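Comments concern the structure below.
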Amino acid sequence: MSDTAVNLTEERSVDRDAMTVSDEEAIVIRDMNKWYGEFHVLRDINLTVFRGERIVVCGPSGSGKSTLIRCINRLEEHQAGDIIVDGTELNSDLKNLDKVRAEVGMCFQHFNLFPHLTIMENCTLAPIWVRKTPKKEAEETAMHFLEKVKIPEQAHKYPGQLSGGQQQRVAIARSLCMRPRIMLFDEPTSALDPEMIKEVLDTMIDLAQEGMTMICVTHEMGFARQVANRVIFMDAGQIVEQNEPEEFFQNPKSDRTKLFLSQILGH
Amino acid sequence: MAADSVAFVATKEIPPSPPPANSVGPVKWLRENLFSGPVNSILSVICVGFIVWMLASIIPWFLDSSWTPEEMSLKGCRAEASGACFAVIVERFWQFIFGFYPSDQYWRPTLAFVLLLVSIWPVLFSSAPRKLLMLTAVYPVLAFWLIWGGTIWGPIAVVAGVVVGAMIFMKGEDVFNSLIGDAFGPIVKIVVSVLAVVLWMMLLVVPIDSALSSVLDIGLEPVESAKLGGFMLSLIIGVTGIAASLPIGVALALGRQSKLFVVKTISVGFIEFIRGVPLITLLFVAHVLLNYFLPPGTEFDIILRVCIMVTLFASAYMAEVIRGGIAALPKGQYEAADAMGLTYWQAQRLIILPQALKISIPNIVSTFIGLFKDTTLVIVIGLLDPLGLAGTTRANAEWNGIFTELYLFIAVFFFIFCFGMSRYSMYLERKLATDHR
C-alpha cells in the first residue's frame with residue numbers, strides 16, 4: 001500500500017453533471033423471474049439501464065441483488081422473462097452468451113484473480129484468447145489500465161503478493177482490458193479492510209466519470225450518494241423502491257426501505 | 001561503563017567477539033535436536049544405540065562378501081566368505097536388466113533407455129531445448145520398434161494414423177462446429193479424431209505394414225515378448241502406465257464433472273468399476289479372458305495387454321486424484337473465467353487444470369510410485385519381472401537358499417526410481433509455488 005496516489009482522508013468532489021446519460025438502452029430486463037429449485041429468488045424484475053447510467057443496488061442479505069446482476073451475464077440462468085444486454089437477448093444460445101460476456105465486465109467480492117498467473121497474465125488472458133488480440137498489443141492495453149488503477153509496478157507479481165485493495169483494482173483493470181461497454185460490480189468492497197475500500201471506490205468513481213455504464217451491488221452509501229444516478233432497493237427477490245439518490249436517502253417511500261436505511265445509516 | 005545513569009555516552013567501540021561455544025556449530029545442533037530435555041536425551045541415546053547395533057551386524061555382512069568366487073554358486077560363496085553372496089548378482093546381472101533378451105541385441109533396449117531420458121528431459125524441465133519435444137512425440141513408437149524389432153513400416157503406419165487423427169482434430173473445428181453447433185462441436189471433434197485413429201490402427205496398420213515390407217524389407221531382428229524381462233520389463237510397463245494414465249485420468253476427471261449425462265455416466269462407471277477391482281484380477285483378465293472377447297485369431301501381445309490394464313487401473317485412481325484437485329478450486333475461478341467469455345475448454349486448459357494439477361502433484365506422484373511398484377504384480381501371470389527372475393534364480397540348484405541379496409538388489413533398483421520421482425515432485429511444487437501463502 002505504498003500508493004501515494006490514493007489519498008485516504010480527502011473526500012473527493014465528483015462532477016455529477018459531467019456524467020451524462022444517453023437514452024440508448026444498455027440493458028433491458030422484462031418480467032424476469034428466477035427460482036433456485038422451489039425457492040423463488042427473483043420476482044417480476046423490470047429494469048431498464050441506459051448507457052452511461054450508474055446504478056447502485058442495495059438491500060438486505062438474501063434479497064437477490066447479487067443474483068440479479070449475475071443474471072445479466074448469465075452466471076445464473078433465469079427461468080422466465082427476457083434479459084437483453086446491448087441488444088442481444090440472453091438465452092441458451094452459446095454464441096450470444098459469449099458475445100455478451102465479452103462486452104460485460106464483472107468484478108467479484110473475492111476478486112477471483114487467477115493465482116497461478118502474474119498480474120500481467122491475468123489482464124491479457126481474455127483479450128488474447130477471447131478477442132484474439134496479439135500478445136504485444138494486449139500487454140500494452142493491460143499496462144495502460146494498470147496505470148489507470150495506479151499499480152503498473154505490480155505487473156509482474158502474482159496476486160498472492162498484493163494487498164486486497166490492490167487485488168480488487170487489478171480485477172477491475174482485468175475487466176477493463178476487454179474494453180467492456182458495461183461493468184457489473186458484485187460487492188467489490190465487502191471483503192476489504194476499511195483503509196482499502198477507498199482506493200477501490202476511487203477507481204470506480206474514475207470509471208463512472210468516464211461514462212461507463214455501471215451496476216454496483218454495494219453497501220457503500222457514500223459512493224451511492226456521490227456517483228449513482230439511481231439507487232435500487234431490493235428485498236425478498238423484488239425491486240421495492242428505486243429513485244435518484246437524493247430522494248432515496250432523504251424521503252424513502254416504503255417502510256422496508258426506511259427500516260433498511262435506518263439500520264445501515266443509523267450508527 | 002554500563003548505562004546506569006540517564007545521561008550516557010559510549011566512550012569506546014565494543015569490538016565483536018565470537019559467540020559462546022555452546023550456541024554455534026555442531027554443539028548447538030546436538031543440544032537443540034538430540035538433547036533438548038531428559039526424555040529427548042534418553043530417546044536419542046536409545047536410538048543411537050539401536051543404529052550402532054544394526055550397523056554392527058550389517059557392515060561385516062557387507063564387508064565379508066563374496067563377489068567372484070571360484071565356483072559361481074552359493075556353496076562357492078560360503079566357502080570364500082561368511083557374509084553376503086553378491087556373486088549371484090554378478091552372474092545374473094544382465095538377466096536382471098534385460099530378462100532373456102538376446103545378448104547381441106542389448107544395444108537396442110539400452111539405446112531406448114537413453115532416448116527415454118532424452119525425451120522426458122523437456123517434459124520435466126522447462127530449461128531443456130523445446131525442440132526435443134519432437135523426439136518425445138515419436139518416442140513411444142521408436143522405443144517399441146527398438147525393443148520389439150520387426151520392419152520399420154508398422155511403426156511408420158502407426159505414426160501416420162496418429163497424424164491423421166491430429167489433422168482431423170486441428171483442422172476439423174470449423175467443419176464440426178458448422179455441422180453440429182458450437183456446443184457439441186468440440187466434443188464430437190474429439191470423438192471423431194479418436195475413432196479415426198482407432199479404426200486406422202485396427203484396419204490399416206497391418207495391411208500397410210505387410211504391403212510395404214514385401215516391397216522394401218528394412219527392419220531389426222524381431223524379439224518376441226516372452227524374452228522380455230527384468231528391470232526393462234518393469235520400466236516398459238511403468239513408463240507406459242505413467243505416461244498414459246495422466247491424460248486419461250484428466251479426461252475421466254473432467255468427464256465425471258461434465259454436465260452431459262452420457263459422458264458423466266461413462267466416466268463414473270469406468271472409474272468405479274476399475275477402482276473396485278484388484279489389479280491382479282485385471283491382469284488375469286488381460287492374460288486369459290481378453291482372448292474370449294477379441295475376434296478369434298487376434299494376436300494381441302501379452303505385454304501390450306498388461307500395459308493397457310495397468311494404464312486403465314492407474315487412470316481410474318488418477319481421475320479421482322485430479323478430481324480432488326479440481327474440487328479444491330474456489331467456485332470463483334470458474335465464474336471469473338466464464339465472466340470473461342472463455343469457452344469451457346479454454347477455461348479448463350488455462351485456468352482450472354493448471355491449478356488443479358498443481359494442487360494434486362503430491363498425490364499424482366504417489367499414484368505414479370504406486371503404479372511403478374505394482375508392475376511387480378505381473379509375476380502372477382508368468383511375466384519375468386525382477387521378482388519373477390529372483391524366483392527362477394532361487395529355483396536354480398546353484399543358488400538355492402539365497403534371497404536377501406537378490407531382494408536387496410531389486411529394492412535398491414525400485415528405490416532409486418521412486419526416490420527420484422519423489423524428489424522431482426518436491427522440486428516441481430517449489431517451482432510452481434506462486435500463491436505466496
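Labels used: A, B, ... for chains in the order of the C-alpha cells, numbers from 1 for residues in each chain, and numbers from 1 for ligands as shown.
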
Closest contacts (chain A/chain B, max 9 Å, only C-alpha atoms) as JSON lines:
```
{"residue": "A:Asn73", "atom": "CA", "partner": "B:Ala339", "partner_atom": "CA", "distance": 6.8}
{"residue": "A:Arg74", "atom": "CA", "partner": "B:Ala339", "partner_atom": "CA", "distance": 8.4}
{"residue": "A:Leu75", "atom": "CA", "partner": "B:Glu335", "partner_atom": "CA", "distance": 6.8}
{"residue": "A:Asp93", "atom": "CA", "partner": "B:Ala183", "partner_atom": "CA", "distance": 8.8}
{"residue": "A:Leu94", "atom": "CA", "partner": "B:Ala183", "partner_atom": "CA", "distance": 7.0}
{"residue": "A:Lys95", "atom": "CA", "partner": "B:Asp182", "partner_atom": "CA", "distance": 7.7}
{"residue": "A:Leu97", "atom": "CA", "partner": "B:Gly341", "partner_atom": "CA", "distance": 8.0}
{"residue": "A:Asp98", "atom": "CA", "partner": "B:Gly341", "partner_atom": "CA", "distance": 5.1}
{"residue": "A:Lys99", "atom": "CA", "partner": "B:Gly341", "partner_atom": "CA", "distance": 7.5}
{"residue": "A:Val100", "atom": "CA", "partner": "B:Gly341", "partner_atom": "CA", "distance": 8.0}
{"residue": "A:Arg101", "atom": "CA", "partner": "B:Gly341", "partner_atom": "CA", "distance": 4.9}
{"residue": "A:Ala102", "atom": "CA", "partner": "B:Gly341", "partner_atom": "CA", "distance": 5.2}
{"residue": "A:Glu103", "atom": "CA", "partner": "B:Met340", "partner_atom": "CA", "distance": 8.8}
{"residue": "A:Val104", "atom": "CA", "partner": "B:Ala339", "partner_atom": "CA", "distance": 7.8}
{"residue": "A:Gly105", "atom": "CA", "partner": "B:Met340", "partner_atom": "CA", "distance": 7.0}
{"residue": "A:Met106", "atom": "CA", "partner": "B:Ala339", "partner_atom": "CA", "distance": 6.5}
{"residue": "A:Cys107", "atom": "CA", "partner": "B:Ala336", "partner_atom": "CA", "distance": 8.4}
{"residue": "A:Phe108", "atom": "CA", "partner": "B:Ala336", "partner_atom": "CA", "distance": 8.1}
{"residue": "A:His110", "atom": "CA", "partner": "B:Gly332", "partner_atom": "CA", "distance": 7.7}
{"residue": "A:Phe111", "atom": "CA", "partner": "B:Gly332", "partner_atom": "CA", "distance": 8.3}
{"residue": "A:Asn112", "atom": "CA", "partner": "B:Gly332", "partner_atom": "CA", "distance": 5.4}
{"residue": "A:Leu113", "atom": "CA", "partner": "B:Gln333", "partner_atom": "CA", "distance": 7.4}
{"residue": "A:Phe114", "atom": "CA", "partner": "B:Gln333", "partner_atom": "CA", "distance": 6.9}
{"residue": "A:Pro115", "atom": "CA", "partner": "B:Asp435", "partner_atom": "CA", "distance": 5.9}
{"residue": "A:His116", "atom": "CA", "partner": "B:Thr434", "partner_atom": "CA", "distance": 5.9}
{"residue": "A:Leu117", "atom": "CA", "partner": "B:Thr434", "partner_atom": "CA", "distance": 8.0}
{"residue": "A:Thr118", "atom": "CA", "partner": "B:Thr434", "partner_atom": "CA", "distance": 8.7}
{"residue": "A:Leu125", "atom": "CA", "partner": "B:Leu350", "partner_atom": "CA", "distance": 8.6}
{"residue": "A:Ala126", "atom": "CA", "partner": "B:Met340", "partner_atom": "CA", "distance": 6.1}
{"residue": "A:Pro127", "atom": "CA", "partner": "B:Met340", "partner_atom": "CA", "distance": 8.9}
{"residue": "A:Trp129", "atom": "CA", "partner": "B:Leu342", "partner_atom": "CA", "distance": 7.3}
{"residue": "A:Val130", "atom": "CA", "partner": "B:Leu342", "partner_atom": "CA", "distance": 6.1}
{"residue": "A:Tyr158", "atom": "CA", "partner": "B:Thr434", "partner_atom": "CA", "distance": 6.5}
{"residue": "A:Pro159", "atom": "CA", "partner": "B:Asp435", "partner_atom": "CA", "distance": 7.4}
{"residue": "A:Gly160", "atom": "CA", "partner": "B:Asp435", "partner_atom": "CA", "distance": 5.0}
{"residue": "A:Gln161", "atom": "CA", "partner": "B:His436", "partner_atom": "CA", "distance": 6.3}
{"residue": "A:Ser175", "atom": "CA", "partner": "B:Met340", "partner_atom": "CA", "distance": 7.5}
{"residue": "A:Met178", "atom": "CA", "partner": "B:Met340", "partner_atom": "CA", "distance": 8.0}
```

Neighbour list for region 78-82 of chain A as an mmCIF file with N, CA, C and O atoms, in the first residue's frame, cut-off 7 Å, only C-alpha atoms, skip fewer than 3 positions in-chain:
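The result, stored in around.cif:
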```cif
data_model
loop_
_atom_site.group_PDB
_atom_site.id
_atom_site.type_symbol
_atom_site.label_atom_id
_atom_site.label_comp_id
_atom_site.auth_asym_id
_atom_site.auth_seq_id
_atom_site.Cartn_x
_atom_site.Cartn_y
_atom_site.Cartn_z
ATOM 1 N N ILE A 29 -34.429 -5.498 -18.797
ATOM 2 C CA ILE A 29 -34.904 -6.718 -18.127
ATOM 3 C C ILE A 29 -36.420 -6.612 -18.040
ATOM 4 O O ILE A 29 -36.947 -5.618 -17.531
ATOM 5 N N ARG A 30 -37.114 -7.629 -18.577
ATOM 6 C CA ARG A 30 -38.576 -7.581 -18.619
ATOM 7 C C ARG A 30 -39.167 -8.807 -17.918
ATOM 8 O O ARG A 30 -38.867 -9.937 -18.303
ATOM 9 N N ASP A 31 -39.976 -8.570 -16.911
ATOM 10 C CA ASP A 31 -40.738 -9.616 -16.208
ATOM 11 C C ASP A 31 -39.868 -10.827 -15.918
ATOM 12 O O ASP A 31 -40.268 -11.959 -16.158
ATOM 13 N N MET A 32 -38.673 -10.583 -15.401
ATOM 14 C CA MET A 32 -37.742 -11.691 -15.219
ATOM 15 C C MET A 32 -37.992 -12.373 -13.875
ATOM 16 O O MET A 32 -38.186 -11.711 -12.855
ATOM 17 N N ASN A 33 -38.027 -13.703 -13.915
ATOM 18 C CA ASN A 33 -38.203 -14.499 -12.697
ATOM 19 C C ASN A 33 -37.139 -15.573 -12.636
ATOM 20 O O ASN A 33 -36.733 -16.108 -13.662
ATOM 21 N N LYS A 34 -36.718 -15.865 -11.432
ATOM 22 C CA LYS A 34 -35.728 -16.937 -11.267
ATOM 23 C C LYS A 34 -36.014 -17.733 -10.018
ATOM 24 O O LYS A 34 -36.429 -17.181 -8.993
ATOM 25 N N CYS A 71 -27.370 -12.595 -13.185
ATOM 26 C CA CYS A 71 -28.209 -12.990 -14.314
ATOM 27 C C CYS A 71 -27.858 -12.195 -15.566
ATOM 28 O O CYS A 71 -28.047 -12.654 -16.684
#
```

Enumerate as a list in words all residues of region 198-250 of chain A assigned to helix (DSSP H, G or I) by DSSP on the backbone, naming them with the chain letters and numbers the document uses.
-> Lys198, Glu199, Val200, Leu201, Asp202, Thr203, Met204, Ile205, Asp206, Leu207, Ala208, Gln209, Met221, Gly222, Phe223, Ala224, Arg225, Gln226, Val227, Pro245, Glu246, Glu247, Phe248, Phe249 and Gln250 of chain A

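CA of Met212 (chain A) is found 18.4 Å from CA of Lys150 (chain A).
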
Test item: residues at most 12 Å from region 208-211 of chain A, only C-alpha atoms, excluding those fewer than 2 positions along its chain, as a PyMOL selection string = chain A and resi 13-22+50-56+148+180-184+201-206+213-216+223-224+226-229

Could you please take those selected residues and save N, CA and C atoms as an mmCIF file, in the first residue's frame?
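Result file follows (result.cif):
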```cif
data_model
loop_
_atom_site.group_PDB
_atom_site.id
_atom_site.type_symbol
_atom_site.label_atom_id
_atom_site.label_comp_id
_atom_site.auth_asym_id
_atom_site.auth_seq_id
_atom_site.Cartn_x
_atom_site.Cartn_y
_atom_site.Cartn_z
ATOM 1 N N SER A 13 -14.469 15.424 -4.675
ATOM 2 C CA SER A 13 -15.636 16.078 -5.257
ATOM 3 C C SER A 13 -15.869 15.452 -6.627
ATOM 4 N N VAL A 14 -17.108 15.094 -6.860
ATOM 5 C CA VAL A 14 -17.422 14.428 -8.109
ATOM 6 C C VAL A 14 -18.326 15.343 -8.912
ATOM 7 N N ASP A 15 -17.929 15.569 -10.153
ATOM 8 C CA ASP A 15 -18.724 16.436 -11.013
ATOM 9 C C ASP A 15 -19.839 15.604 -11.653
ATOM 10 N N ARG A 16 -21.006 15.625 -11.008
ATOM 11 C CA ARG A 16 -22.094 14.758 -11.465
ATOM 12 C C ARG A 16 -22.622 15.181 -12.830
ATOM 13 N N ASP A 17 -22.547 16.477 -13.128
ATOM 14 C CA ASP A 17 -23.125 16.944 -14.383
ATOM 15 C C ASP A 17 -22.329 16.443 -15.588
ATOM 16 N N ALA A 18 -21.031 16.165 -15.330
ATOM 17 C CA ALA A 18 -20.204 15.695 -16.436
ATOM 18 C C ALA A 18 -20.585 14.275 -16.854
ATOM 19 N N MET A 19 -21.226 13.537 -15.933
ATOM 20 C CA MET A 19 -21.563 12.152 -16.250
ATOM 21 C C MET A 19 -22.918 12.121 -16.942
ATOM 22 N N THR A 20 -22.881 12.079 -18.235
ATOM 23 C CA THR A 20 -24.134 12.164 -18.977
ATOM 24 C C THR A 20 -24.735 10.782 -19.186
ATOM 25 N N VAL A 21 -26.053 10.781 -19.266
ATOM 26 C CA VAL A 21 -26.758 9.536 -19.544
ATOM 27 C C VAL A 21 -27.431 9.692 -20.886
ATOM 28 N N SER A 22 -27.210 8.747 -21.783
ATOM 29 C CA SER A 22 -27.877 8.834 -23.074
ATOM 30 C C SER A 22 -29.215 8.099 -22.982
ATOM 31 N N PHE A 50 -29.880 2.681 -18.998
ATOM 32 C CA PHE A 50 -29.452 3.418 -20.185
ATOM 33 C C PHE A 50 -27.939 3.563 -20.181
ATOM 34 N N ARG A 51 -27.420 3.766 -21.371
ATOM 35 C CA ARG A 51 -25.969 3.878 -21.481
ATOM 36 C C ARG A 51 -25.456 5.074 -20.681
ATOM 37 N N GLY A 52 -24.424 4.831 -19.887
ATOM 38 C CA GLY A 52 -23.866 5.901 -19.073
ATOM 39 C C GLY A 52 -24.473 5.972 -17.680
ATOM 40 N N GLU A 53 -25.463 5.154 -17.410
ATOM 41 C CA GLU A 53 -26.067 5.180 -16.064
ATOM 42 C C GLU A 53 -25.179 4.494 -15.036
ATOM 43 N N ARG A 54 -25.207 5.009 -13.807
ATOM 44 C CA ARG A 54 -24.530 4.344 -12.690
ATOM 45 C C ARG A 54 -25.599 3.945 -11.694
ATOM 46 N N ILE A 55 -25.823 2.677 -11.557
ATOM 47 C CA ILE A 55 -26.910 2.211 -10.709
ATOM 48 C C ILE A 55 -26.345 1.480 -9.504
ATOM 49 N N VAL A 56 -26.807 1.836 -8.331
ATOM 50 C CA VAL A 56 -26.395 1.120 -7.133
ATOM 51 C C VAL A 56 -27.564 0.279 -6.662
ATOM 52 N N LYS A 148 -3.857 3.096 -14.990
ATOM 53 C CA LYS A 148 -5.072 3.804 -14.623
ATOM 54 C C LYS A 148 -5.528 3.445 -13.202
ATOM 55 N N PRO A 180 -14.954 -3.444 -22.018
ATOM 56 C CA PRO A 180 -16.380 -3.723 -21.917
ATOM 57 C C PRO A 180 -17.200 -2.452 -22.049
ATOM 58 N N ARG A 181 -18.488 -2.596 -22.426
ATOM 59 C CA ARG A 181 -19.367 -1.426 -22.523
ATOM 60 C C ARG A 181 -20.185 -1.283 -21.248
ATOM 61 N N ILE A 182 -20.212 -2.370 -20.456
ATOM 62 C CA ILE A 182 -20.984 -2.349 -19.213
ATOM 63 C C ILE A 182 -20.122 -3.008 -18.142
ATOM 64 N N MET A 183 -20.141 -2.444 -16.931
ATOM 65 C CA MET A 183 -19.415 -3.093 -15.840
ATOM 66 C C MET A 183 -20.376 -3.459 -14.716
ATOM 67 N N LEU A 184 -20.208 -4.684 -14.220
ATOM 68 C CA LEU A 184 -21.009 -5.137 -13.083
ATOM 69 C C LEU A 184 -20.082 -5.274 -11.879
ATOM 70 N N LEU A 201 -12.960 2.323 -4.305
ATOM 71 C CA LEU A 201 -14.068 3.217 -4.668
ATOM 72 C C LEU A 201 -13.579 4.347 -5.572
ATOM 73 N N ASP A 202 -12.373 4.864 -5.277
ATOM 74 C CA ASP A 202 -11.818 5.916 -6.123
ATOM 75 C C ASP A 202 -11.689 5.452 -7.561
ATOM 76 N N THR A 203 -11.196 4.201 -7.720
ATOM 77 C CA THR A 203 -11.069 3.647 -9.060
ATOM 78 C C THR A 203 -12.436 3.577 -9.741
ATOM 79 N N MET A 204 -13.449 3.184 -8.951
ATOM 80 C CA MET A 204 -14.786 3.064 -9.533
ATOM 81 C C MET A 204 -15.353 4.440 -9.887
ATOM 82 N N ILE A 205 -15.026 5.440 -9.071
ATOM 83 C CA ILE A 205 -15.514 6.794 -9.375
ATOM 84 C C ILE A 205 -14.882 7.298 -10.672
ATOM 85 N N ASP A 206 -13.558 7.044 -10.819
ATOM 86 C CA ASP A 206 -12.888 7.422 -12.073
ATOM 87 C C ASP A 206 -13.621 6.834 -13.268
ATOM 88 N N THR A 213 -21.111 2.553 -18.192
ATOM 89 C CA THR A 213 -22.386 2.079 -17.656
ATOM 90 C C THR A 213 -22.070 1.091 -16.542
ATOM 91 N N MET A 214 -22.592 1.352 -15.333
ATOM 92 C CA MET A 214 -22.204 0.511 -14.201
ATOM 93 C C MET A 214 -23.410 0.085 -13.391
ATOM 94 N N ILE A 215 -23.392 -1.160 -12.956
ATOM 95 C CA ILE A 215 -24.361 -1.588 -11.954
ATOM 96 C C ILE A 215 -23.559 -2.122 -10.777
ATOM 97 N N CYS A 216 -23.732 -1.521 -9.601
ATOM 98 C CA CYS A 216 -22.943 -1.933 -8.451
ATOM 99 C C CYS A 216 -23.857 -2.426 -7.349
ATOM 100 N N PHE A 223 -20.743 6.182 -1.650
ATOM 101 C CA PHE A 223 -20.494 6.002 -3.081
ATOM 102 C C PHE A 223 -21.795 6.209 -3.858
ATOM 103 N N ALA A 224 -22.883 5.641 -3.328
ATOM 104 C CA ALA A 224 -24.175 5.774 -3.995
ATOM 105 C C ALA A 224 -24.561 7.249 -4.112
ATOM 106 N N GLN A 226 -22.616 9.866 -4.017
ATOM 107 C CA GLN A 226 -21.705 10.653 -4.850
ATOM 108 C C GLN A 226 -21.876 10.375 -6.334
ATOM 109 N N VAL A 227 -22.011 9.118 -6.677
ATOM 110 C CA VAL A 227 -21.844 8.729 -8.073
ATOM 111 C C VAL A 227 -23.146 8.286 -8.735
ATOM 112 N N ALA A 228 -23.982 7.550 -8.001
ATOM 113 C CA ALA A 228 -25.114 6.903 -8.655
ATOM 114 C C ALA A 228 -26.110 7.930 -9.169
ATOM 115 N N ASN A 229 -26.755 7.583 -10.275
ATOM 116 C CA ASN A 229 -27.874 8.414 -10.665
ATOM 117 C C ASN A 229 -29.193 7.697 -10.375
#
```

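Our summary of the geometry notes that CA of Trp145 (chain B) is positioned 27.7 Å from CA of Leu279 (chain B).
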
Neighbour list for Thr67 (chain A) as a PDB file with C-alpha atoms, in the first residue's frame, cut-off 8 Å, only C-alpha atoms, skip fewer than 4 positions in-chain:
```pdb
ATOM      1  CA  VAL A  41     -35.337 -15.767  -5.679  1.00  0.00           C
ATOM      2  CA  LEU A  42     -36.164 -13.097  -8.229  1.00  0.00           C
ATOM      3  CA  CYS A  71     -28.209 -12.990 -14.314  1.00  0.00           C
ATOM      4  CA  GLU A  76     -27.084 -17.577 -13.224  1.00  0.00           C
TER       5      GLU A  76
END
```
